[in-house]
file query-v2.cif (mmCIF, C-alpha atoms)
data_model
#
loop_
_atom_site.label_atom_id
_atom_site.label_comp_id
_atom_site.auth_asym_id
_atom_site.auth_seq_id
_atom_site.Cartn_x
_atom_site.Cartn_y
_atom_site.Cartn_z
CA MET A 206 37.68 40.77 25.68
CA ALA A 207 39.33 37.45 24.86
CA SER A 208 38.21 35.97 28.19
CA PHE A 209 34.63 37.11 27.49
CA ARG A 210 34.63 35.39 24.08
CA ARG A 211 36.10 32.25 25.58
CA ALA A 212 33.41 32.23 28.30
CA ARG A 213 30.69 32.79 25.71
CA ARG A 214 31.96 29.88 23.61
CA THR A 215 32.08 27.69 26.72
CA VAL A 216 28.50 28.57 27.66
CA ALA A 217 27.30 28.03 24.07
CA ALA A 218 29.05 24.65 23.87
CA GLY A 219 27.61 23.60 27.22
CA ALA A 220 24.10 24.68 26.22
CA PHE A 221 24.34 22.81 22.92
CA THR A 222 25.66 19.67 24.63
CA THR A 223 22.86 19.84 27.21
CA PHE A 224 20.27 20.25 24.46
CA CYS A 225 21.66 17.18 22.65
CA TRP A 226 21.52 15.13 25.84
CA ILE A 227 17.93 16.20 26.51
CA THR A 228 16.74 15.34 23.00
CA ALA A 229 18.57 11.99 23.13
CA VAL A 230 16.92 11.14 26.46
CA ILE A 231 13.50 12.09 25.08
CA ALA A 232 14.02 9.91 22.01
CA LEU A 233 15.23 6.97 24.10
CA PHE A 234 12.33 7.41 26.52
CA ALA A 235 9.82 7.37 23.65
CA LEU A 236 11.47 4.26 22.18
CA ALA A 237 11.47 2.53 25.57
CA ALA A 238 7.80 3.43 26.08
CA ILE A 239 6.90 1.90 22.72
CA PHE A 240 8.76 -1.33 23.45
CA TRP A 241 7.32 -1.50 26.95
CA SER A 242 3.83 -1.12 25.53
CA LEU A 243 4.49 -3.88 23.00
CA LEU A 244 5.89 -6.19 25.68
CA THR A 245 3.09 -5.65 28.19
CA GLN A 246 0.33 -5.95 25.60
CA GLY A 247 1.75 -8.60 23.30
CA PHE A 248 4.12 -10.85 25.22
CA GLY A 249 1.33 -12.61 27.11
CA GLY A 250 -0.24 -13.72 23.82
CA LEU A 251 2.90 -15.38 22.47
CA ASN A 252 2.45 -19.13 22.18
CA LEU A 253 3.07 -21.95 19.74
CA ALA A 254 -0.30 -21.45 18.05
CA VAL A 255 0.76 -17.99 16.88
CA PHE A 256 3.41 -19.59 14.65
CA THR A 257 1.51 -22.76 13.64
CA GLN A 258 -2.07 -21.60 12.96
CA SER A 259 -3.52 -19.15 10.45
CA THR A 260 -5.54 -16.07 11.29
CA PRO A 261 -8.87 -17.08 12.86
CA ALA A 262 -12.46 -16.00 12.53
CA PRO A 263 -13.78 -13.88 15.43
CA GLY A 264 -14.10 -15.95 18.60
CA SER A 265 -12.09 -18.89 17.21
CA PRO A 266 -8.58 -19.98 18.16
CA GLY A 267 -5.83 -19.19 15.72
CA GLY A 268 -2.50 -17.56 15.10
CA LEU A 269 -0.49 -15.53 12.62
CA MET A 270 1.36 -18.19 10.64
CA ASN A 271 -0.01 -17.13 7.25
CA ALA A 272 0.72 -13.47 7.98
CA ILE A 273 4.27 -14.18 9.18
CA VAL A 274 5.11 -16.34 6.17
CA GLY A 275 3.43 -13.84 3.84
CA SER A 276 5.48 -10.95 5.24
CA ILE A 277 8.68 -12.96 4.81
CA ILE A 278 7.82 -13.73 1.18
CA LEU A 279 6.73 -10.18 0.36
CA CYS A 280 9.78 -8.56 1.97
CA ALA A 281 12.16 -11.12 0.45
CA LEU A 282 10.82 -10.61 -3.08
CA GLY A 283 10.74 -6.85 -2.62
CA MET A 284 14.30 -6.72 -1.27
CA VAL A 285 15.64 -8.89 -4.11
CA ILE A 286 14.22 -6.45 -6.65
CA ALA A 287 15.26 -3.39 -4.64
CA VAL A 288 18.83 -4.53 -3.98
CA ILE A 289 19.51 -5.36 -7.63
CA VAL A 290 18.05 -2.12 -8.96
CA GLY A 291 19.25 0.10 -6.10
CA VAL A 292 22.86 -1.10 -6.00
CA LEU A 293 23.25 -0.89 -9.77
CA ALA A 294 21.61 2.55 -9.92
CA GLY A 295 23.72 3.86 -7.03
CA THR A 296 26.87 2.45 -8.63
CA TRP A 297 26.09 4.15 -11.92
CA LEU A 298 25.47 7.48 -10.20
CA ALA A 299 28.72 7.25 -8.22
CA GLU A 300 31.05 5.83 -10.87
CA TYR A 301 29.66 6.73 -14.29
CA GLY A 302 27.06 9.48 -13.97
CA ARG A 303 28.87 11.86 -11.62
CA ASN A 304 27.83 15.42 -12.62
CA THR A 305 26.12 14.72 -15.93
CA PRO A 306 22.68 16.30 -16.49
CA TYR A 307 21.07 12.88 -16.77
CA ALA A 308 22.53 11.84 -13.42
CA GLU A 309 21.18 15.00 -11.80
CA ALA A 310 17.74 14.17 -13.17
CA VAL A 311 18.00 10.64 -11.79
CA ARG A 312 19.00 11.97 -8.36
CA PHE A 313 16.09 14.41 -8.42
CA VAL A 314 13.59 11.65 -9.22
CA ASN A 315 15.19 9.40 -6.60
CA ASP A 316 14.79 12.12 -3.95
CA ILE A 317 11.11 12.49 -4.90
CA LEU A 318 10.54 8.75 -4.56
CA LEU A 319 12.45 8.79 -1.26
CA SER A 320 9.91 11.16 0.27
CA ALA A 321 6.80 10.01 -1.61
CA PRO A 322 3.92 8.73 0.56
CA SER A 323 3.72 4.96 0.44
CA VAL A 324 -0.01 5.08 -0.30
CA LEU A 325 0.74 6.78 -3.63
CA VAL A 326 3.14 3.96 -4.50
CA GLY A 327 0.42 1.45 -3.67
CA LEU A 328 -2.10 3.27 -5.85
CA PHE A 329 0.39 3.41 -8.73
CA VAL A 330 1.14 -0.32 -8.56
CA TYR A 331 -2.57 -1.04 -8.23
CA ASP A 332 -3.37 0.91 -11.38
CA VAL A 333 -0.51 -0.62 -13.38
CA MET A 334 -0.29 -4.23 -12.18
CA VAL A 335 -3.46 -5.11 -10.31
CA ALA A 336 -5.96 -3.41 -12.60
CA HIS A 337 -4.27 -3.94 -15.97
CA VAL A 338 -1.34 -6.39 -16.06
CA ILE A 339 -2.32 -9.18 -13.64
CA GLY A 340 -5.99 -8.31 -13.22
CA HIS A 341 -6.27 -9.18 -9.53
CA PHE A 342 -4.54 -8.74 -6.17
CA SER A 343 -1.32 -10.71 -5.80
CA ALA A 344 1.85 -11.05 -3.75
CA ILE A 345 3.92 -10.06 -6.81
CA ALA A 346 2.17 -6.70 -6.94
CA GLY A 347 2.80 -6.23 -3.21
CA ALA A 348 6.49 -7.07 -3.62
CA VAL A 349 6.83 -4.56 -6.47
CA ALA A 350 5.21 -1.86 -4.33
CA LEU A 351 7.60 -2.58 -1.46
CA ALA A 352 10.54 -2.61 -3.88
CA LEU A 353 9.62 0.84 -5.20
CA ILE A 354 9.74 2.13 -1.62
CA ALA A 355 13.09 0.46 -0.87
CA VAL A 356 14.93 1.29 -4.11
CA PRO A 357 15.50 5.03 -3.41
CA ILE A 358 17.00 4.25 0.01
CA ILE A 359 19.43 1.67 -1.36
CA THR A 360 20.30 3.87 -4.35
CA ARG A 361 21.15 6.87 -2.19
CA THR A 362 23.13 4.81 0.34
CA THR A 363 25.08 2.96 -2.35
CA GLU A 364 26.00 6.18 -4.13
CA ASP A 365 27.12 7.86 -0.91
CA VAL A 366 29.29 4.99 0.35
CA LEU A 367 30.93 4.48 -3.04
CA LYS A 368 31.81 8.17 -3.22
CA LEU A 369 33.51 7.83 0.15
CA GLN A 370 35.88 5.13 -1.12
CA PRO A 371 39.46 6.35 -1.71
CA THR A 372 40.49 7.12 -5.26
CA ALA A 373 43.50 4.85 -4.71
CA LEU A 374 41.18 1.83 -4.86
CA ARG A 375 40.06 2.76 -8.35
CA GLU A 376 43.61 3.52 -9.41
CA SER A 377 44.81 0.16 -8.13
CA GLY A 378 42.34 -1.60 -10.41
CA VAL A 379 43.46 0.46 -13.38
CA ALA A 380 47.12 -0.24 -12.54
CA LEU A 381 46.41 -3.95 -12.66
CA GLY A 382 44.86 -3.58 -16.09
CA THR A 383 41.32 -4.53 -15.04
CA PRO A 384 38.30 -2.86 -16.60
CA HIS A 385 36.42 -0.33 -14.52
CA TRP A 386 33.42 -2.62 -14.05
CA MET A 387 35.68 -5.36 -12.76
CA ALA A 388 37.35 -2.98 -10.30
CA ILE A 389 33.91 -1.96 -9.07
CA ARG A 390 32.78 -5.54 -8.57
CA LYS A 391 35.99 -6.91 -7.08
CA ILE A 392 37.28 -3.92 -5.11
CA LEU A 393 34.79 -1.10 -4.55
CA TRP A 394 31.74 -3.23 -3.73
CA LYS A 395 33.74 -5.26 -1.24
CA SER A 396 35.23 -2.16 0.37
CA ALA A 397 31.78 -0.51 0.63
CA GLY A 398 29.99 -3.73 1.56
CA SER A 399 29.15 -2.72 5.12
CA GLY A 400 27.64 0.59 3.98
CA ILE A 401 25.60 -1.08 1.25
CA LEU A 402 24.40 -3.68 3.75
CA THR A 403 23.37 -0.91 6.14
CA GLY A 404 21.36 0.74 3.36
CA GLY A 405 19.66 -2.57 2.63
CA LEU A 406 18.74 -2.99 6.29
CA LEU A 407 17.37 0.55 6.45
CA ALA A 408 15.24 -0.25 3.42
CA PHE A 409 14.08 -3.51 5.01
CA ALA A 410 13.14 -1.69 8.21
CA ARG A 411 11.15 0.80 6.12
CA ILE A 412 9.15 -1.72 4.09
CA SER A 413 8.62 -4.34 6.80
CA GLY A 414 5.98 -2.21 8.50
CA GLU A 415 4.29 -0.75 5.42
CA THR A 416 0.54 -1.32 5.33
CA ALA A 417 -0.99 1.09 2.81
CA PRO A 418 0.74 -0.30 -0.33
CA LEU A 419 -0.24 -3.86 0.59
CA LEU A 420 -3.91 -2.95 1.01
CA PHE A 421 -3.95 -1.99 -2.70
CA THR A 422 -1.75 -4.81 -4.00
CA SER A 423 -1.47 -8.09 -2.06
CA PHE A 424 -4.76 -7.27 -0.23
CA GLY A 425 -4.50 -10.05 2.37
CA ASN A 426 -5.60 -13.65 2.74
CA GLN A 427 -7.16 -15.34 5.75
CA PHE A 428 -5.71 -18.68 4.65
CA PHE A 429 -2.15 -19.92 4.20
CA SER A 430 -0.84 -19.36 0.67
CA LEU A 431 2.54 -19.58 -1.04
CA ASP A 432 1.29 -18.64 -4.50
CA PRO A 433 2.83 -15.28 -5.47
CA LEU A 434 0.11 -14.77 -8.08
CA ARG A 435 -2.68 -14.86 -5.51
CA PRO A 436 -3.56 -12.54 -2.60
CA MET A 437 -1.29 -13.06 0.39
CA ALA A 438 -1.52 -12.12 4.07
CA SER A 439 1.08 -9.94 5.77
CA LEU A 440 1.71 -8.87 9.34
CA PRO A 441 1.18 -5.11 8.81
CA GLN A 442 -2.13 -5.71 7.04
CA VAL A 443 -3.34 -8.15 9.71
CA ILE A 444 -2.26 -5.79 12.50
CA PHE A 445 -4.14 -2.95 10.82
CA ASN A 446 -7.34 -4.96 10.40
CA PHE A 447 -7.28 -6.68 13.78
CA ALA A 448 -6.35 -3.57 15.79
CA LEU A 449 -9.42 -1.74 14.46
CA SER A 450 -11.80 -4.62 15.13
CA ALA A 451 -14.27 -4.90 17.99
CA TYR A 452 -13.12 -8.41 18.95
CA ASP A 453 -10.76 -8.75 21.90
CA ASP A 454 -9.07 -11.88 20.54
CA TRP A 455 -8.24 -10.08 17.29
CA VAL A 456 -6.89 -7.08 19.19
CA ARG A 457 -4.63 -9.38 21.26
CA LEU A 458 -3.31 -10.98 18.07
CA ALA A 459 -2.66 -7.49 16.66
CA TRP A 460 -0.45 -6.70 19.67
CA VAL A 461 1.37 -10.01 19.28
CA GLY A 462 1.95 -9.31 15.58
CA ALA A 463 3.28 -5.83 16.38
CA LEU A 464 5.69 -7.32 18.92
CA ILE A 465 6.92 -9.92 16.42
CA LEU A 466 7.38 -7.28 13.74
CA ALA A 467 9.31 -4.95 16.04
CA GLY A 468 11.45 -7.83 17.29
CA ALA A 469 12.31 -8.89 13.73
CA VAL A 470 13.42 -5.39 12.77
CA LEU A 471 15.44 -5.04 15.98
CA ALA A 472 17.10 -8.43 15.46
CA ALA A 473 18.01 -7.58 11.86
CA ASN A 474 19.66 -4.34 12.95
CA ILE A 475 21.58 -6.04 15.75
CA ILE A 476 22.83 -8.76 13.41
CA ALA A 477 23.90 -6.15 10.86
CA ARG A 478 25.80 -4.21 13.52
CA ILE A 479 27.63 -7.38 14.51
CA LEU A 480 28.45 -8.36 10.92
CA THR A 481 29.63 -4.89 9.91
CA ARG A 482 31.55 -4.12 13.08
CA GLU A 483 35.22 -3.57 12.39
CA PRO A 484 37.64 -5.47 14.62
CA ARG A 485 39.48 -3.35 17.13
CA ARG A 486 43.12 -2.78 16.48
CA SER A 487 45.43 -3.71 19.29
#
call {"tool": "encode", "arguments": {"input": "query-v2.cif", "output": "structure tokens"}}
result
Amino acid sequence: MASFRRARRTVAAGAFTTFCWITAVIALFALAAIFWSLLTQGFGGLNLAVFTQSTPAPGSPGGLMNAIVGSIILCALGMVIAVIVGVLAGTWLAEYGRNTPYAEAVRFVNDILLSAPSVLVGLFVYDVMVAHVIGHFSAIAGAVALALIAVPIITRTTEDVLKLQPTALRESGVALGTPHWMAIRKILWKSAGSGILTGGLLAFARISGETAPLLFTSFGNQFFSLDPLRPMASLPQVIFNFALSAYDDWVRLAWVGALILAGAVLAANIIARILTREPRRS
């Protein structure tokens, strides 16, 4: 009987391991197929003009400079807002809220925002900022929409990594006579820095490819613009418009933009892995 149970556990473990390997291979194959498609379709269109010229009219030479710069500005503004709000909210939930009813309500709302469709966020920001506060499309409205998408990710990640920190770190701050907020800033945030950074990168990866919120907020701009109060181009919006067009030159630029966007996200994740990698102990 014991040998039968042992054999059954061995078979079950082997079947589960095989299933995990198969699903991992499928996921890697799909990822490789996507990157191969981006490389074959977009690499040939990479040239200096892509980074030095703005989006062209159909049949005219041009590049993606205004869209690249616009995406950098939109993501940077959105991440500044999201990191400040998300880290502080996650810290409050982990260190002060704990199991209070208000904290549970905040977590519930955060979970809703975490799974909310991005188009609803874009419509909300459009109704509040574009239609009533500012009165027109703008990069600020686009950054706020992206920030609302990124905040729940950073909040959840910050709360989780702070809860994983040993209680001894908090007690050490108290033993030194420092206030709780000082112990959080000087000890806990530094100890959980890699986890918070990972959450920020996950949020950046999420918002960098968002198109729907920007169609309702920043709208797009065929010309180069640095004014955050005016409409501004972005790579996702340009890719969306150009990929659906009937012009071959626009479709080629859409593939190039998709390759640049995927490369930027991949590079950010690689850099984060390097920065957060713990040194091996000898």
call {"tool": "closest_residue", "arguments": {"input": "query-v2.cif", "among": "A:Leu393, A:Ile359, A:Phe447, A:Pro261", "to": "A:Ala410", "atoms": "only C-alpha atoms"}}
result
A:Ile359
call {"tool": "residues_around", "arguments": {"input": "query-v2.cif", "residues": "A:Ser423", "least_positions_apart": "6", "cutoff": "6 Å", "atoms": "only C-alpha atoms", "output": "number ranges by chain"}}
result
A: 342-344, 347, 436-437
call {"tool": "write_last_selection", "arguments": {"input": "query-v2.cif", "atoms": "C-alpha atoms", "output": "PDB file, in the frame of the given file"}}
result
ATOM      1  CA  PHE A 342      -4.540  -8.740  -6.170  1.00  0.00           C
ATOM      2  CA  SER A 343      -1.320 -10.710  -5.800  1.00  0.00           C
ATOM      3  CA  ALA A 344       1.850 -11.050  -3.750  1.00  0.00           C
ATOM      4  CA  GLY A 347       2.800  -6.230  -3.210  1.00  0.00           C
ATOM      5  CA  PRO A 436      -3.560 -12.540  -2.600  1.00  0.00           C
ATOM      6  CA  MET A 437      -1.290 -13.060   0.390  1.00  0.00           C
TER       7      MET A 437
END
call {"tool": "resolve_selection", "arguments": {"input": "query-v2.cif", "expression": "the PyMOL selection byres ((chain A and resi 378) around 12)", "output": "list of chain:residue names"}}
result
A:Thr372, A:Ala373, A:Leu374, A:Arg375, A:Glu376, A:Ser377, A:Val379, A:Ala380, A:Leu381, A:Gly382, A:Thr383, A:Pro384, A:His385, A:Trp386, A:Met387, A:Ala388, A:Ile389, A:Arg390, A:Lys391, A:Ile392, A:Leu393
call {"tool": "atom_distance", "arguments": {"input": "query-v2.cif", "atom1": "atom CA of A:Tyr331", "atom2": "atom CA of A:Phe421"}}
result
5.8 Å
call {"tool": "closest_atom_pairs", "arguments": {"input": "query-v2.cif", "of": "stretch 351-418 of chain A", "to": "stretch 452-475 of chain A", "cutoff": "9 Å", "atoms": "only C-alpha atoms", "output": "JSON lines"}}
result
{"residue": "A:Thr403", "atom": "CA", "partner": "A:Asn474", "partner_atom": "CA", "distance": 8.5}
{"residue": "A:Leu406", "atom": "CA", "partner": "A:Asn474", "partner_atom": "CA", "distance": 6.9}
{"residue": "A:Leu407", "atom": "CA", "partner": "A:Asn474", "partner_atom": "CA", "distance": 8.5}
{"residue": "A:Phe409", "atom": "CA", "partner": "A:Val470", "partner_atom": "CA", "distance": 8.0}
{"residue": "A:Ala410", "atom": "CA", "partner": "A:Val470", "partner_atom": "CA", "distance": 5.9}
{"residue": "A:Ser413", "atom": "CA", "partner": "A:Leu466", "partner_atom": "CA", "distance": 7.6}
{"residue": "A:Gly414", "atom": "CA", "partner": "A:Leu466", "partner_atom": "CA", "distance": 7.4}
call {"tool": "write_last_selection", "arguments": {"input": "query-v2.cif", "atoms": "C-alpha atoms", "output": "mmCIF file, keeping the file's coordinate frame"}}
result
data_model
loop_
_atom_site.group_PDB
_atom_site.id
_atom_site.type_symbol
_atom_site.label_atom_id
_atom_site.label_comp_id
_atom_site.auth_asym_id
_atom_site.auth_seq_id
_atom_site.Cartn_x
_atom_site.Cartn_y
_atom_site.Cartn_z
ATOM 1 C CA THR A 403 23.370 -0.910 6.140
ATOM 2 C CA LEU A 406 18.740 -2.990 6.290
ATOM 3 C CA LEU A 407 17.370 0.550 6.450
ATOM 4 C CA PHE A 409 14.080 -3.510 5.010
ATOM 5 C CA ALA A 410 13.140 -1.690 8.210
ATOM 6 C CA SER A 413 8.620 -4.340 6.800
ATOM 7 C CA GLY A 414 5.980 -2.210 8.500
#
call {"tool": "residues_around", "arguments": {"input": "query-v2.cif", "residues": "A:Ala262", "least_positions_apart": "3", "cutoff": "9 Å", "atoms": "all atoms listed in the file", "output": "list of chain:residue names"}}
result
A:Ser265, A:Pro266, A:Gly267, A:Gln427, A:Trp455
call {"tool": "axis_aligned_box", "arguments": {"input": "query-v2.cif", "around": "stretch 358-377 of chain A", "padding_each_side": "4 Å", "output": "AutoDock Vina command-line options"}}
result
--center_x 30.9 --center_y 4.2 --center_z -4.5 --size_x 35.8 --size_y 16.0 --size_z 17.8
call {"tool": "decode", "arguments": {"input": "query-v2.cif", "residues": "stretch 344-357 of chain A", "atoms": "C-alpha atoms", "output": "short mmCIF file (atom, residue, chain, number, x, y, z; two decimals), in the first residue's frame"}}
result
data_model
loop_
_atom_site.label_atom_id
_atom_site.label_comp_id
_atom_site.auth_asym_id
_atom_site.auth_seq_id
_atom_site.Cartn_x
_atom_site.Cartn_y
_atom_site.Cartn_z
CA ALA A 344 -0.56 65.86 -22.31
CA ILE A 345 -1.40 66.55 -18.65
CA ALA A 346 -4.71 64.75 -19.04
CA GLY A 347 -2.94 61.83 -20.71
CA ALA A 348 -0.38 61.64 -17.89
CA VAL A 349 -3.16 61.62 -15.27
CA ALA A 350 -4.91 58.78 -17.10
CA LEU A 351 -1.70 56.76 -17.22
CA ALA A 352 -1.05 57.51 -13.55
CA LEU A 353 -4.48 56.18 -12.57
CA ILE A 354 -3.62 52.92 -14.31
CA ALA A 355 -0.19 52.67 -12.67
CA VAL A 356 -1.14 53.66 -9.10
CA PRO A 357 -2.95 50.40 -8.16
#
